[in-house]
Amino acid sequence: MKSKIKIAWLCALALGWAFNGTAALPSDWRHEQHFEVAAPGFVKFSLPPETLDAARPVLEDLRVHDSAGNEIPFFIERTEPSIKTSHAPDRFQVSLNRTTTVITLETGVAQPLEGISLETPAAHFIKAVRVEGSADSLAWKSLADGQPVFRQHYGASQLRVGIPPGFWRWIRLTVDDSRTPPVPFTGARVHAILPESTPLEQQPATITERNENPGETRLTLNLGAANLDIATVQLESVDPLFTRLVKMTVPLVSENGIVEQTVGQGTVYRVAMEGWPASENLSLPLESRLSTRELQLIIQNQDSPPLSVTAVRLARRSVHLVFMARTPGLHYLLTGNKSCPAPRYDLASLGGHLKNVAVTPVKISPPANNPDFRTTEALAGIELGGTALDVTDWKFRKRIKNIDGVGQVELDLEVISHTESDFSDLRVMRGGNQIPYLVQRTSISRSIKPSVTRTNDAQHPQLSRWIIKLPKPNLTLTRLSCESRTPLFRRDVTLYEELHDERGDKYRRPLAEASWVQTPDGKSREFVLMPDQRIYGDTLILETENGDNPPVELEKFSVFYPATRILFRSKPETELFLYYGNPHVASPRYDLDLIAGQLLAADKSVTTLSAEEQLKPGSWHENREPGKGGALLWGILALVVVALLVIVARLLPKNPPTAPGGPAS
């Protein structure tokens with residue numbers, strides 16, 4: 001009773017703090033939503049994703065008003081995952097039988113158990129496990145049957161066996177060794193969970209982009225809203241059998257550019273071992289608050305075919321709003337104030353008591369523009385025009401197709417070839433003014449099919465050499481792959497490019513090297529080199545020494561480069577150009593990175609580039625083929641020497657004429 005009186009007194013104090021005002025909503029808030037309250041008293045409901053998306057990441061700009069314009073104190077309750085603990089068991093015992101390995105654990109844990117993780121140094125295996133629980137080590141109850149544990153060479157592993165939550169003093173795991181040799185298990189961890197449960201809400205996600213990189217699939221998801229507390233990511237696939245390691249990344253602003261930050265990873269699988277029921281796990285734990293609407297899933301396929309993902313479902317943790325309604329009727333949620341401080345209400349001190357308030361069914365309208373707000377333009381904080389810039393020193397440009405809002409354009413081979421390696425000379429121009437932009441470096445790989453010619457060296461007949469011609473110079477290459485029809489060989493392979501120094505002397509620039517072993521029973525005939533650097537020319541040389549063996553046959557060459565994009569904002573009537581090709585300028589410094597979070601959270605329009613326009617010719621030094629300037633330099637030096645000889649010849653004294661009557665010659 002005293003506790004209830006205290007709560008009522010504090011609530012009355014908080015309500016007395018609220019000020020009386022007019023029915024007009026504050027003009028500093030961009031968005032408003034309204035909902036009906038049926039009766040006075042505590043109101044508690046889950047904030048919809050649209051509200052979280054419209055508000056600032058920590059809800060500093062969220063406000064609640066009643067129909068009379070009174071600001072109402074509130075409390076934000078973020079649901080947290082159930083508290084989980086992990087312990088080594090008090091006793092760990094292993095017995096090896098003819099067809100099974102039996103592991104007996106004395107858990108030493110008083111909380112409900114939800115799983116057991118095994119520890120082993122074995123590098124590659126897959127086993128089925130039966131789990132039983134007991135209170136006295138005499139009577140055993142089956143908890144799980146045919147659960148898979150495995151570890152793959154490429155990193156995918158599943159060593160945890162889940163069980164229904166329950167109190168068990170003893171756990172027994174029986175590992176099936178009837179089809180494969182036993183593996184050594186050296187320890188275990190028991191995972192306990194507090195009985196408190198936290199509800200999850202389903203959040204739809206759309207696959208907006210799918211890119212197949214060598215050995216991996218990259219999915220880009222649109223979450224529909226930013227600032228969501230994502231608990232799990234659930235894949236849907238029709239493939240019958242698979243194990244895949246999955247990495248989850250989000251775009252992160254860094255040094256006026258955008259890179260990918262890893263926020264989680266896990267293993268998904270669907271396995272069916274003979275004699276055991278099929279088992280699967282397509283759920284990935286995340287437990288992360290995402291400030292953007294985008295989430296990338298990078299699925300490691302290795303040498304397996306790409307995983308067929310038909311859909312992705314998310315589960316998010318609820319964010320509850322709790323307040324005391326003084327009167328029934330219409331109430332308002334306000335969001336979209338970039339500069340206001342976070343509110344400080346006395347009601348926040350009652351957070352522990354308000355957790356027990358029942359959730360009220362409330363129907364909230366979608367966010368709408370506040371009619372009293374002065375500006376309703378999306379992303380109004382981003383200025384369309386930067387400072388003026390004289391672009392007479394830029395050699396190339398491309399027209400950008402008009403868009404409305406935030407645009408995304410991927411740099412093509414011509415731009416990558418003619419711009420600087422750090423993209424410092426890129427400029428997006430509208431008229432004579434710059435448009436601020438962000439560079440987004442992605443993990444997407446684009447492939448090129450080069451022209452390949454095999455050559456023979458008469459002086460080294462045991463040498464095999466392939467000349468690989470690229471469509472453009474100055475490309476950053478991350479990968480070169482090829483295949484061989486030769487069934488059995490071992491070779492050391494080197495990749496390099498031949499350049500000339502300023503004196504014209506030829507030298508090799510090493511790019512990558514590796515050993516290649518192929519056997520008739522090998523699963524893959526592909527060979528991969530990872531140069532991961534920018535080349536200066538447009539020609540690569542792949543070389544191997546055959547010794548006394550016959551030459552190997554290579555085919556299906558591919559080279560890969562990383563996809564790079566730029567993000568900017570524009571209007572449909574704006575004519576935009578991308579300028580590049582000026583090695584003498586530094587990277588631009590825009591204030592755009594201050595609101596990059598809004599730029600990333602906005603829906604983006606993918607646009608394209610037109611044909612390249614060359615604005616001015618380069619000097620002879622810039623126009624010469626990269627690494628091939630020696631011959632031209634020696635030619636110029638030869639001309640200079642000839643000119644000097646002519647000048648010296650003219651300066652030498654001539655023989656005087658013979659005097660009349662002099663001696664005969």
# chains A, B, ... in the order shown; residues from 1 in each chain; ligands from 1
$ residues_around --residues "region 205-212 of chain A" --least-positions-apart "2" --cutoff "7 Å" --atoms "only C-alpha atoms" --output "list in words"
Gln203, Pro214, Glu216, Thr217, Arg218, Leu219, Thr220, Leu221, Asn222, Leu223, Gly224, Val312, Arg313, Leu314 and Ile444 of chain A
$ write_last_selection --atoms "C-alpha atoms" --output "PDB file, in the first residue's frame"
ATOM      1  CA  GLN A 203       9.778  -6.605 -38.518  1.00  0.00           C
ATOM      2  CA  PRO A 214      33.354 -15.265 -55.859  1.00  0.00           C
ATOM      3  CA  GLU A 216      30.023 -15.467 -51.341  1.00  0.00           C
ATOM      4  CA  THR A 217      26.547 -14.001 -51.700  1.00  0.00           C
ATOM      5  CA  ARG A 218      25.890 -10.426 -50.562  1.00  0.00           C
ATOM      6  CA  LEU A 219      22.298  -9.437 -49.745  1.00  0.00           C
ATOM      7  CA  THR A 220      21.265  -5.850 -48.998  1.00  0.00           C
ATOM      8  CA  LEU A 221      18.169  -5.565 -46.813  1.00  0.00           C
ATOM      9  CA  ASN A 222      15.865  -2.588 -46.419  1.00  0.00           C
ATOM     10  CA  LEU A 223      14.582  -2.737 -42.833  1.00  0.00           C
ATOM     11  CA  GLY A 224      11.826  -0.205 -43.459  1.00  0.00           C
ATOM     12  CA  VAL A 312      14.550 -12.635 -44.651  1.00  0.00           C
ATOM     13  CA  ARG A 313      12.528 -11.962 -41.504  1.00  0.00           C
ATOM     14  CA  LEU A 314      13.634  -9.851 -38.539  1.00  0.00           C
ATOM     15  CA  ILE A 444      30.891  -6.027 -53.736  1.00  0.00           C
TER      16      ILE A 444
END
$ select_by_dssp --residues "region 86-258 of chain A" --states "strand (DSSP E or B)" --output "PyMOL selection string"
chain A and resi 86-87+91-96+100-106+113-119+125-134+141-151+157-158+160-166+170-176+187-193+200-204+206-213+216-222+228-237+242-254+257-258
$ select_by_dssp --residues "region 273-382 of chain A" --states "alpha helix (DSSP H)" --output "PyMOL selection string"
chain A and resi 351-354
$ residues_around --residues "Asp425 (chain A)" --least-positions-apart "2" --cutoff "10 Å" --atoms "only C-alpha atoms" --output "ChimeraX atom specification"
/A:394,418-423,427,579-588
$ residues_around --residues "Val439 (chain A)" --least-positions-apart "4" --cutoff "6 Å" --atoms "only C-alpha atoms" --output "NGL selection string"
:A and (257-258 or 565-566)
$ write_last_selection --atoms "C-alpha atoms" --output "PDB file, in the first residue's frame"
ATOM      1  CA  GLY A 257      33.474   8.147 -46.629  1.00  0.00           C
ATOM      2  CA  ILE A 258      31.359   5.088 -45.957  1.00  0.00           C
ATOM      3  CA  ARG A 565      29.665   4.323 -54.966  1.00  0.00           C
ATOM      4  CA  ILE A 566      28.976   7.943 -54.135  1.00  0.00           C
TER       5      ILE A 566
END
$ residues_around --residues "region 269-277 of chain A" --least-positions-apart "6" --cutoff "9 Å" --atoms "only C-alpha atoms" --output "PyMOL selection string"
chain A and resi 127-128+145-148+158+239-245
$ write_last_selection --atoms "C-alpha atoms" --output "CSV table (one decimal), in the first residue's frame"
chain,number,residue,atom,x,y,z
A,127,LYS,CA,28.2,-35.5,-35.6
A,128,ALA,CA,24.6,-36.1,-34.3
A,145,ASP,CA,17.6,-36.0,-30.4
A,146,GLY,CA,19.8,-35.9,-33.5
A,147,GLN,CA,21.1,-32.4,-32.8
A,148,PRO,CA,24.1,-31.7,-35.2
A,158,GLN,CA,28.0,-25.4,-34.6
A,239,ASP,CA,17.9,-25.6,-50.3
A,240,PRO,CA,17.8,-29.1,-48.7
A,241,LEU,CA,21.3,-29.4,-47.2
A,242,PHE,CA,23.8,-26.7,-46.4
A,243,THR,CA,26.0,-25.1,-43.8
A,244,ARG,CA,27.0,-21.4,-44.2
A,245,LEU,CA,28.9,-18.8,-42.2
$ residues_around --residues "Tyr496 (chain A)" --least-positions-apart "2" --cutoff "6 Å" --atoms "only C-alpha atoms" --output "VMD selection string"
chain A and resid 509 to 511 540 to 541
$ residues_around --residues "region 108-113 of chain A" --least-positions-apart "2" --cutoff "10 Å" --atoms "only C-alpha atoms" --output "PyMOL selection string"
chain A and resi 84-91+105-106+115-116+162-171+190-195
$ write_last_selection --atoms "C-alpha atoms" --output "tab-separated table (two decimals), in the first residue's frame"
chain	number	residue	atom	x	y	z
A	84	LYS	CA	22.15	-15.39	-19.83
A	85	THR	CA	25.16	-16.91	-18.11
A	86	SER	CA	27.75	-19.44	-19.20
A	87	HIS	CA	29.71	-21.70	-16.84
A	88	ALA	CA	32.10	-24.61	-16.93
A	89	PRO	CA	30.41	-27.67	-15.40
A	90	ASP	CA	31.44	-28.92	-11.98
A	91	ARG	CA	32.24	-32.31	-13.50
A	105	LEU	CA	28.18	-33.28	-17.00
A	106	GLU	CA	27.37	-32.23	-13.47
A	115	GLY	CA	22.00	-25.23	-24.00
A	116	ILE	CA	25.42	-26.88	-23.84
A	162	GLY	CA	19.96	-26.28	-27.55
A	163	ILE	CA	17.47	-27.80	-25.10
A	164	PRO	CA	14.09	-26.67	-23.72
A	165	PRO	CA	14.72	-24.42	-20.66
A	166	GLY	CA	14.65	-26.45	-17.47
A	167	PHE	CA	16.42	-27.24	-14.21
A	168	TRP	CA	18.88	-30.11	-14.61
A	169	ARG	CA	21.66	-31.09	-12.25
A	170	TRP	CA	23.02	-33.67	-14.69
A	171	ILE	CA	23.29	-33.62	-18.49
A	190	VAL	CA	26.54	-24.94	-19.80
A	191	HIS	CA	24.30	-21.99	-20.68
A	192	ALA	CA	21.72	-20.80	-18.16
A	193	ILE	CA	18.93	-18.28	-18.60
A	194	LEU	CA	16.76	-16.40	-16.15
A	195	PRO	CA	13.08	-17.31	-16.48
